[in-house]
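Colleague: One file: start30.cif (mmCIF, C-alpha atoms).
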```cif
data_target
loop_
_atom_site.label_atom_id
_atom_site.label_comp_id
_atom_site.auth_asym_id
_atom_site.auth_seq_id
_atom_site.Cartn_x
_atom_site.Cartn_y
_atom_site.Cartn_z
CA MET A 195 -60.01 31.18 22.27
CA ASP A 196 -56.73 31.18 24.20
CA MET A 197 -53.53 32.70 22.87
CA LYS A 198 -51.92 29.38 21.84
CA LYS A 199 -54.92 28.37 19.72
CA LEU A 200 -55.08 31.82 18.15
CA ILE A 201 -51.42 31.67 17.15
CA ALA A 202 -51.89 28.16 15.74
CA VAL A 203 -54.83 29.30 13.59
CA MET A 204 -52.89 32.29 12.31
CA LEU A 205 -49.90 30.13 11.40
CA MET A 206 -52.14 27.71 9.49
CA GLY A 207 -53.62 30.64 7.58
CA VAL A 208 -50.17 31.92 6.65
CA ALA A 209 -49.09 28.44 5.56
CA THR A 210 -52.19 28.10 3.36
CA LEU A 211 -51.60 31.47 1.70
CA THR A 212 -47.94 30.71 1.17
CA GLY A 213 -48.80 27.35 -0.41
CA CYS A 214 -51.05 29.06 -2.96
CA LYS A 215 -48.39 31.43 -4.23
CA THR A 216 -46.94 30.88 -7.69
CA THR A 217 -43.19 30.51 -7.54
CA THR A 218 -41.02 32.34 -10.03
CA SER A 219 -39.69 30.10 -12.80
CA TYR A 220 -38.32 30.24 -16.32
CA ILE A 221 -40.55 29.63 -19.32
CA ASP A 222 -39.86 28.95 -22.97
CA ALA A 223 -40.74 32.35 -24.46
CA SER A 224 -40.96 30.80 -27.93
CA ASP A 225 -43.62 28.29 -26.83
CA THR A 226 -46.83 29.02 -28.76
CA LYS A 227 -48.86 26.25 -27.11
CA THR A 228 -48.64 26.50 -23.34
CA ASN A 229 -47.73 30.18 -22.82
CA VAL A 230 -50.70 31.62 -24.69
CA THR A 231 -51.96 35.12 -23.98
CA ALA A 232 -54.74 37.13 -25.62
CA GLY A 233 -52.24 39.88 -26.42
CA LEU A 234 -49.16 39.64 -28.61
CA SER A 235 -46.32 37.69 -27.06
CA TYR A 236 -42.63 37.22 -27.86
CA ALA A 237 -43.52 33.91 -29.50
CA ASP A 238 -45.97 35.67 -31.85
CA PHE A 239 -43.37 38.24 -32.89
CA SER A 240 -40.63 35.65 -33.25
CA LYS A 241 -42.69 33.27 -35.40
CA ALA A 242 -43.93 35.98 -37.78
CA ALA A 243 -40.54 37.66 -38.05
CA ASN A 244 -38.58 34.46 -38.65
CA GLU A 245 -40.95 33.15 -41.29
CA MET A 246 -41.00 36.39 -43.30
CA ALA A 247 -37.25 36.90 -42.92
CA ASP A 248 -36.70 33.36 -44.24
CA GLU A 249 -38.82 34.20 -47.27
CA MET A 250 -36.81 37.35 -48.02
CA VAL A 251 -33.50 35.55 -47.59
CA ALA A 252 -34.63 32.75 -49.93
CA SER A 253 -35.97 35.13 -52.62
CA LYS A 254 -33.95 35.07 -55.85
CA LEU A 255 -35.07 38.66 -56.50
CA LEU A 256 -33.14 39.70 -53.40
CA THR A 257 -29.88 38.01 -54.35
CA HIS A 258 -27.24 40.61 -55.17
CA PRO A 259 -25.87 40.24 -58.74
CA GLN A 260 -22.35 40.20 -57.30
CA ALA A 261 -23.16 37.87 -54.42
CA ASP A 262 -20.30 35.53 -55.40
CA GLN A 263 -17.88 38.40 -54.78
CA GLY A 264 -19.49 39.34 -51.46
CA GLY A 265 -22.06 41.79 -52.82
CA ARG A 266 -24.96 42.49 -50.47
CA TYR A 267 -28.04 44.67 -50.70
CA ILE A 268 -28.39 47.47 -48.13
CA LEU A 269 -31.71 47.73 -46.31
CA TYR A 270 -33.30 50.75 -44.72
CA ILE A 271 -35.89 50.04 -42.01
CA ASN A 272 -38.81 52.36 -42.60
CA ASN A 273 -41.92 52.79 -40.47
CA ILE A 274 -43.65 49.72 -38.98
CA GLU A 275 -47.10 50.98 -37.98
CA ASN A 276 -48.90 49.69 -34.90
CA ASP A 277 -52.62 49.50 -35.68
CA THR A 278 -53.55 47.34 -32.71
CA MET A 279 -55.27 48.08 -29.40
CA GLN A 280 -52.00 47.42 -27.58
CA ARG A 281 -49.08 49.65 -26.77
CA ILE A 282 -46.41 47.55 -28.42
CA ASP A 283 -42.90 48.31 -29.55
CA THR A 284 -42.70 47.38 -33.22
CA ASP A 285 -38.91 47.35 -32.90
CA GLN A 286 -39.33 43.86 -31.43
CA LEU A 287 -40.55 42.59 -34.80
CA VAL A 288 -37.98 44.59 -36.72
CA LYS A 289 -35.05 43.49 -34.58
CA SER A 290 -35.78 39.80 -35.13
CA ILE A 291 -35.93 40.37 -38.89
CA ARG A 292 -32.74 42.44 -38.95
CA VAL A 293 -30.77 39.88 -36.98
CA LYS A 294 -31.83 37.03 -39.25
CA MET A 295 -31.21 38.95 -42.48
CA LEU A 296 -27.81 40.19 -41.34
CA ASN A 297 -26.79 36.71 -40.21
CA SER A 298 -27.77 35.32 -43.61
CA GLY A 299 -24.81 37.12 -45.17
CA LYS A 300 -26.99 38.44 -48.02
CA PHE A 301 -27.87 41.85 -46.57
CA LEU A 302 -26.55 44.85 -44.68
CA VAL A 303 -28.77 47.25 -42.73
CA THR A 304 -28.13 51.00 -42.65
CA THR A 305 -28.92 52.90 -39.46
CA ALA A 306 -27.53 56.21 -40.72
CA PHE A 307 -30.83 57.74 -41.78
CA GLY A 308 -32.99 58.55 -38.77
CA GLU A 309 -32.35 55.63 -36.46
CA ASP A 310 -28.77 56.48 -35.51
CA ASP A 311 -27.62 60.00 -36.36
CA ALA A 312 -24.03 59.39 -35.25
CA SER A 313 -22.83 59.36 -38.88
CA THR A 314 -24.00 62.96 -39.25
CA LYS A 315 -23.04 64.15 -35.77
CA MET A 316 -19.51 62.77 -35.89
CA ARG A 317 -18.81 64.54 -39.19
CA ALA A 318 -19.72 67.82 -37.52
CA LEU A 319 -16.64 67.30 -35.34
CA LYS A 320 -14.49 68.63 -38.18
CA ASP A 321 -15.28 72.08 -36.77
CA SER A 322 -14.25 71.12 -33.24
CA LYS A 323 -11.02 72.54 -31.84
CA ILE A 324 -10.34 69.52 -29.62
CA VAL A 325 -10.71 66.76 -32.23
CA LYS A 326 -7.86 65.68 -34.48
CA LYS A 327 -9.13 66.50 -37.96
CA SER A 328 -7.51 63.47 -39.61
CA THR A 329 -9.65 61.15 -37.46
CA VAL A 330 -12.98 62.69 -38.50
CA LYS A 331 -14.84 60.60 -41.07
CA GLY A 332 -15.11 62.28 -44.41
CA ASP A 333 -17.98 63.12 -46.73
CA ASN A 334 -19.10 60.91 -49.61
CA GLN A 335 -18.58 57.73 -47.55
CA VAL A 336 -22.01 56.68 -46.21
CA TYR A 337 -23.79 54.11 -48.37
CA ALA A 338 -27.35 54.80 -49.48
CA PRO A 339 -29.82 51.90 -49.13
CA ASP A 340 -31.07 49.73 -51.97
CA PHE A 341 -34.31 48.64 -50.30
CA SER A 342 -36.79 50.04 -47.80
CA LEU A 343 -38.66 47.74 -45.40
CA SER A 344 -42.03 48.99 -44.16
CA GLY A 345 -45.09 47.36 -42.68
CA LYS A 346 -48.00 47.27 -40.32
CA ILE A 347 -49.41 45.21 -37.45
CA LEU A 348 -53.22 45.17 -37.34
CA GLN A 349 -55.72 43.80 -34.86
CA ARG A 350 -59.28 42.70 -35.57
CA ASN A 351 -61.69 41.50 -32.84
CA ASN A 352 -64.90 39.58 -33.54
CA THR A 353 -67.48 38.20 -31.11
CA LEU A 354 -68.39 34.54 -31.62
CA ASP A 355 -71.83 33.02 -31.05
CA SER A 356 -70.52 31.51 -27.83
CA GLY A 357 -69.72 34.99 -26.48
CA ASP A 358 -65.99 34.41 -26.78
CA THR A 359 -63.80 36.84 -28.71
CA ARG A 360 -61.81 35.88 -31.78
CA ILE A 361 -58.71 38.06 -31.98
CA GLU A 362 -56.68 38.22 -35.16
CA TYR A 363 -53.31 39.94 -35.54
CA TYR A 364 -51.97 40.63 -39.02
CA PHE A 365 -48.24 41.11 -39.58
CA GLN A 366 -47.67 42.76 -42.97
CA LEU A 367 -44.34 43.67 -44.56
CA SER A 368 -43.29 45.24 -47.86
CA LEU A 369 -39.76 45.48 -49.21
CA THR A 370 -39.45 48.19 -51.86
CA ASN A 371 -36.64 48.68 -54.34
CA ILE A 372 -35.73 52.34 -53.83
CA GLU A 373 -34.35 52.74 -57.34
CA ASN A 374 -37.52 51.80 -59.22
CA GLY A 375 -40.22 51.92 -56.51
CA LEU A 376 -41.28 48.32 -57.07
CA ALA A 377 -42.12 45.94 -54.23
CA TYR A 378 -39.74 43.01 -54.39
CA TYR A 379 -41.37 41.28 -51.45
CA GLU A 380 -44.82 41.28 -49.84
CA GLY A 381 -45.45 39.14 -46.78
CA GLU A 382 -48.30 38.56 -44.35
CA ARG A 383 -48.74 36.36 -41.32
CA VAL A 384 -51.94 36.02 -39.31
CA VAL A 385 -51.98 35.05 -35.62
CA GLY A 386 -55.47 34.09 -34.45
CA LYS A 387 -56.59 33.53 -30.87
CA VAL A 388 -59.88 32.82 -29.10
CA ALA A 389 -60.34 34.26 -25.63
CA ASP A 390 -63.09 34.73 -23.10
CA GLY A 391 -65.39 37.59 -24.05
CA ASP A 392 -64.35 39.49 -20.92
CA THR A 393 -60.66 39.24 -21.77
CA VAL A 394 -58.97 42.55 -22.51
CA SER A 395 -56.44 42.28 -25.36
CA TRP A 396 -54.69 45.61 -24.91
#
```
Can you turn what I pasted into structure tokens?

Modeller:
Amino acid sequence: MDMKKLIAVMLMGVATLTGCKTTTSYIDASDTKTNVTAGLSYADFSKAANEMADEMVASKLLTHPQADQGGRYILYINNIENDTMQRIDTDQLVKSIRVKMLNSGKFLVTTAFGEDDASTKMRALKDSKIVKKSTVKGDNQVYAPDFSLSGKILQRNNTLDSGDTRIEYYFQLSLTNIENGLAYYEGERVVGKVADGDTVSW
């Protein structure tokens, strides 16, 4: 084969490979029909979070007795346990819930206990020689929470007769009244998927 023919064949091969490449494009991350994966997706988190947040916002038990005067319950986000085969950040579920509940105008969320220790650290500045003492936030000012939100995400895999795998994800949430220890809300959402038996869901 002469050099011209060799170059032509190589160029055709490059063109074929280039034509098979998937181009980068935007997708609708909330689409639960066309962008399906065996693992948990943004759409799965968003759907579960929004539905349960809507239930909490609509609950009459969770309406502050002074709501007409702007009264709002304060929520503390407790542990959301990941009991799946995937390395997922449960903050994704929590964040969606927090945003929706805050935007409802019925709740406030405290981050002063574990999540953001700035409230404690900044008060320690009263002993600093370079900080103006009158600007340091005082004691007896941080609000304690009224409710604690906790939950779990579970995964259960089952093999079907066809050899495919049925994967179920359970989103479970509990909202506990800290004063009396009673659960004022219990919610669960199940996301089920069927994938090829060789599909890895973690």

Colleague: If you count all atoms listed in the file, which residues fall within 12 Å of Lys315 (chain A), apart from same-chain ones fewer than 4 positions away, as a ChimeraX atom specification?

Modeller: /A:306-308,310-311,319-322,330-332

Colleague: Those same residues - C-alpha atoms - I'd like them written as an mmCIF file, in the coordinates of the input.

Modeller:
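Once written, again-v8.cif looks like this:
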```
data_model
loop_
_atom_site.group_PDB
_atom_site.id
_atom_site.type_symbol
_atom_site.label_atom_id
_atom_site.label_comp_id
_atom_site.auth_asym_id
_atom_site.auth_seq_id
_atom_site.Cartn_x
_atom_site.Cartn_y
_atom_site.Cartn_z
ATOM 1 C CA ALA A 306 -27.530 56.210 -40.720
ATOM 2 C CA PHE A 307 -30.830 57.740 -41.780
ATOM 3 C CA GLY A 308 -32.990 58.550 -38.770
ATOM 4 C CA ASP A 310 -28.770 56.480 -35.510
ATOM 5 C CA ASP A 311 -27.620 60.000 -36.360
ATOM 6 C CA LEU A 319 -16.640 67.300 -35.340
ATOM 7 C CA LYS A 320 -14.490 68.630 -38.180
ATOM 8 C CA ASP A 321 -15.280 72.080 -36.770
ATOM 9 C CA SER A 322 -14.250 71.120 -33.240
ATOM 10 C CA VAL A 330 -12.980 62.690 -38.500
ATOM 11 C CA LYS A 331 -14.840 60.600 -41.070
ATOM 12 C CA GLY A 332 -15.110 62.280 -44.410
#
```

Colleague: Which residues of region 261-330 of chain A come within 12 Å of region 370-374 of chain A, and for each one, what is the closest pair of atoms and their distance in Å to one decimal, counting all atoms listed in the file, sorted by chain and residue number, as JSON lines?

Modeller:
```
{"residue": "A:Tyr267", "atom": "CA", "partner": "A:Asn371", "partner_atom": "CA", "distance": 10.2}
{"residue": "A:Ile268", "atom": "CA", "partner": "A:Asn371", "partner_atom": "CA", "distance": 10.4}
{"residue": "A:Leu269", "atom": "CA", "partner": "A:Asn371", "partner_atom": "CA", "distance": 9.5}
{"residue": "A:Tyr270", "atom": "CA", "partner": "A:Ile372", "partner_atom": "CA", "distance": 9.6}
{"residue": "A:Ile271", "atom": "CA", "partner": "A:Thr370", "partner_atom": "CA", "distance": 10.6}
{"residue": "A:Asn272", "atom": "CA", "partner": "A:Thr370", "partner_atom": "CA", "distance": 10.2}
```

Colleague: Point out the residue among A:Ala247, A:Ala232, A:Leu354, A:Ala389 with the least atom-to-atom distance to Val293 (chain A), counting all atoms listed in the file.

Modeller: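 Distance minimum relative to Val293 (chain A) lands on A:Ala247.
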
Colleague: In Å, with one decimal, what is the gap from CA of Leu287 (chain A) to CA of Ala242 (chain A)?

Modeller: 8.0 Å

Colleague: Tell me which of A:Leu296, A:Ala243, A:Met316, A:Val388 sits closest to Asn352 (chain A), counting only C-alpha atoms.

Modeller: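 Distance minimum relative to Asn352 (chain A) lands on A:Val388.
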
Colleague: Give as a ChimeraX atom specification the set of residues within 12 Å of the point (-61.5, 42.9, -33.6), where distances use the file's coordinates and all atoms listed in the file.

Modeller: /A:232,277-279,348-354,358-364,386-389,391,394-396

Colleague: Measuring between all atoms listed in the file, which one of A:Asp285, A:Asp340, A:Asp238, A:Glu249 shows the shortest distance to Phe365 (chain A)?

Modeller: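 The closest residue to Phe365 (chain A) is A:Asp238.
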
Colleague: Quick one: residues within 12 Å of Met246 (chain A), only C-alpha atoms counted, chain neighbours fewer than 4 positions away excluded, as a list of chain:residue names?

Modeller: A:Phe239, A:Ser240, A:Lys241, A:Ala242, A:Met250, A:Val251, A:Ala252, A:Ser253, A:Leu287, A:Val288, A:Ser290, A:Ile291, A:Arg292, A:Lys294, A:Met295, A:Leu343, A:Gly345, A:Phe365, A:Gln366, A:Leu367, A:Ser368, A:Leu369, A:Tyr379, A:Glu380, A:Gly381, A:Glu382, A:Arg383, A:Val384

Colleague: CA of Thr231 (chain A) and CA of Gln280 (chain A) are how many Å apart?

Modeller: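 Those two atoms sit 12.8 Å apart.
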
Colleague: Box for region 274-281 of chain A - axis-aligned, 5 Å on each of the six sides, all listed atoms - centre and size in Å to one decimal, as AutoDock Vina command-line options.

Modeller:
```
--center_x -49.5 --center_y 49.2 --center_z -32.9 --size_x 21.6 --size_y 13.6 --size_z 22.2
```

Colleague: Using all atoms listed in the file, which of the listed residues (A:Tyr337, A:Ile282, A:Asp390, A:Ser342) sits closest to Gly375 (chain A)?

Modeller: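 With all atoms listed in the file as the atom set, the closest residue is A:Ser342.
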
Colleague: Start from the incomplete input, build N, CA and C atoms for region 367-394 of chain A, and deliver everything as a PDB file, keeping the file's coordinate frame.

Modeller:
```pdb
ATOM      1  N   LEU A 367     -45.615  43.040 -44.224  1.00  0.00           N
ATOM      2  CA  LEU A 367     -44.340  43.670 -44.560  1.00  0.00           C
ATOM      3  C   LEU A 367     -44.234  43.867 -46.073  1.00  0.00           C
ATOM      4  N   SER A 368     -43.593  44.971 -46.459  1.00  0.00           N
ATOM      5  CA  SER A 368     -43.290  45.240 -47.860  1.00  0.00           C
ATOM      6  C   SER A 368     -41.831  45.651 -47.967  1.00  0.00           C
ATOM      7  N   LEU A 369     -41.145  45.112 -48.958  1.00  0.00           N
ATOM      8  CA  LEU A 369     -39.760  45.480 -49.210  1.00  0.00           C
ATOM      9  C   LEU A 369     -39.698  46.119 -50.599  1.00  0.00           C
ATOM     10  N   THR A 370     -39.390  47.418 -50.619  1.00  0.00           N
ATOM     11  CA  THR A 370     -39.450  48.190 -51.860  1.00  0.00           C
ATOM     12  C   THR A 370     -38.066  48.526 -52.383  1.00  0.00           C
ATOM     13  N   ASN A 371     -37.871  48.290 -53.675  1.00  0.00           N
ATOM     14  CA  ASN A 371     -36.640  48.680 -54.340  1.00  0.00           C
ATOM     15  C   ASN A 371     -36.648  50.196 -54.501  1.00  0.00           C
ATOM     16  N   ILE A 372     -35.725  50.882 -53.852  1.00  0.00           N
ATOM     17  CA  ILE A 372     -35.730  52.340 -53.830  1.00  0.00           C
ATOM     18  C   ILE A 372     -35.446  52.930 -55.211  1.00  0.00           C
ATOM     19  N   GLU A 373     -34.706  52.216 -56.023  1.00  0.00           N
ATOM     20  CA  GLU A 373     -34.350  52.740 -57.340  1.00  0.00           C
ATOM     21  C   GLU A 373     -35.556  52.850 -58.269  1.00  0.00           C
ATOM     22  N   ASN A 374     -36.401  51.800 -58.268  1.00  0.00           N
ATOM     23  CA  ASN A 374     -37.520  51.800 -59.220  1.00  0.00           C
ATOM     24  C   ASN A 374     -38.899  51.850 -58.548  1.00  0.00           C
ATOM     25  N   GLY A 375     -38.947  51.809 -57.219  1.00  0.00           N
ATOM     26  CA  GLY A 375     -40.220  51.920 -56.510  1.00  0.00           C
ATOM     27  C   GLY A 375     -41.068  50.666 -56.518  1.00  0.00           C
ATOM     28  N   LEU A 376     -40.522  49.560 -56.989  1.00  0.00           N
ATOM     29  CA  LEU A 376     -41.280  48.320 -57.070  1.00  0.00           C
ATOM     30  C   LEU A 376     -41.108  47.492 -55.803  1.00  0.00           C
ATOM     31  N   ALA A 377     -42.191  46.834 -55.385  1.00  0.00           N
ATOM     32  CA  ALA A 377     -42.120  45.940 -54.230  1.00  0.00           C
ATOM     33  C   ALA A 377     -41.514  44.617 -54.665  1.00  0.00           C
ATOM     34  N   TYR A 378     -40.395  44.272 -54.069  1.00  0.00           N
ATOM     35  CA  TYR A 378     -39.740  43.010 -54.390  1.00  0.00           C
ATOM     36  C   TYR A 378     -40.161  41.897 -53.435  1.00  0.00           C
ATOM     37  N   TYR A 379     -40.854  42.288 -52.386  1.00  0.00           N
ATOM     38  CA  TYR A 379     -41.370  41.280 -51.450  1.00  0.00           C
ATOM     39  C   TYR A 379     -42.604  41.830 -50.750  1.00  0.00           C
ATOM     40  N   GLU A 380     -43.623  40.986 -50.633  1.00  0.00           N
ATOM     41  CA  GLU A 380     -44.820  41.280 -49.840  1.00  0.00           C
ATOM     42  C   GLU A 380     -45.097  40.053 -48.973  1.00  0.00           C
ATOM     43  N   GLY A 381     -45.210  40.265 -47.679  1.00  0.00           N
ATOM     44  CA  GLY A 381     -45.450  39.140 -46.780  1.00  0.00           C
ATOM     45  C   GLY A 381     -46.533  39.445 -45.769  1.00  0.00           C
ATOM     46  N   GLU A 382     -47.270  38.414 -45.385  1.00  0.00           N
ATOM     47  CA  GLU A 382     -48.300  38.560 -44.350  1.00  0.00           C
ATOM     48  C   GLU A 382     -48.382  37.293 -43.530  1.00  0.00           C
ATOM     49  N   ARG A 383     -48.511  37.469 -42.233  1.00  0.00           N
ATOM     50  CA  ARG A 383     -48.740  36.360 -41.320  1.00  0.00           C
ATOM     51  C   ARG A 383     -49.908  36.738 -40.416  1.00  0.00           C
ATOM     52  N   VAL A 384     -50.780  35.777 -40.155  1.00  0.00           N
ATOM     53  CA  VAL A 384     -51.940  36.020 -39.310  1.00  0.00           C
ATOM     54  C   VAL A 384     -51.827  35.141 -38.064  1.00  0.00           C
ATOM     55  N   VAL A 385     -51.951  35.768 -36.901  1.00  0.00           N
ATOM     56  CA  VAL A 385     -51.980  35.050 -35.620  1.00  0.00           C
ATOM     57  C   VAL A 385     -53.387  35.186 -35.073  1.00  0.00           C
ATOM     58  N   GLY A 386     -54.104  34.068 -34.949  1.00  0.00           N
ATOM     59  CA  GLY A 386     -55.470  34.090 -34.450  1.00  0.00           C
ATOM     60  C   GLY A 386     -55.587  33.441 -33.086  1.00  0.00           C
ATOM     61  N   LYS A 387     -56.385  34.058 -32.219  1.00  0.00           N
ATOM     62  CA  LYS A 387     -56.590  33.530 -30.870  1.00  0.00           C
ATOM     63  C   LYS A 387     -58.066  33.649 -30.505  1.00  0.00           C
ATOM     64  N   VAL A 388     -58.523  32.745 -29.657  1.00  0.00           N
ATOM     65  CA  VAL A 388     -59.880  32.820 -29.100  1.00  0.00           C
ATOM     66  C   VAL A 388     -59.750  32.969 -27.597  1.00  0.00           C
ATOM     67  N   ALA A 389     -60.411  33.991 -27.061  1.00  0.00           N
ATOM     68  CA  ALA A 389     -60.340  34.260 -25.630  1.00  0.00           C
ATOM     69  C   ALA A 389     -61.730  34.501 -25.075  1.00  0.00           C
ATOM     70  N   ASP A 390     -61.833  34.436 -23.757  1.00  0.00           N
ATOM     71  CA  ASP A 390     -63.090  34.730 -23.100  1.00  0.00           C
ATOM     72  C   ASP A 390     -63.560  36.130 -23.474  1.00  0.00           C
ATOM     73  N   GLY A 391     -64.851  36.306 -23.625  1.00  0.00           N
ATOM     74  CA  GLY A 391     -65.390  37.590 -24.050  1.00  0.00           C
ATOM     75  C   GLY A 391     -65.040  38.732 -23.125  1.00  0.00           C
ATOM     76  N   ASP A 392     -64.716  38.442 -21.873  1.00  0.00           N
ATOM     77  CA  ASP A 392     -64.350  39.490 -20.920  1.00  0.00           C
ATOM     78  C   ASP A 392     -62.854  39.797 -20.932  1.00  0.00           C
ATOM     79  N   THR A 393     -62.106  39.039 -21.743  1.00  0.00           N
ATOM     80  CA  THR A 393     -60.660  39.240 -21.770  1.00  0.00           C
ATOM     81  C   THR A 393     -60.323  40.549 -22.484  1.00  0.00           C
ATOM     82  N   VAL A 394     -59.425  41.306 -21.906  1.00  0.00           N
ATOM     83  CA  VAL A 394     -58.970  42.550 -22.510  1.00  0.00           C
ATOM     84  C   VAL A 394     -57.679  42.269 -23.260  1.00  0.00           C
TER      85      VAL A 394
END
```
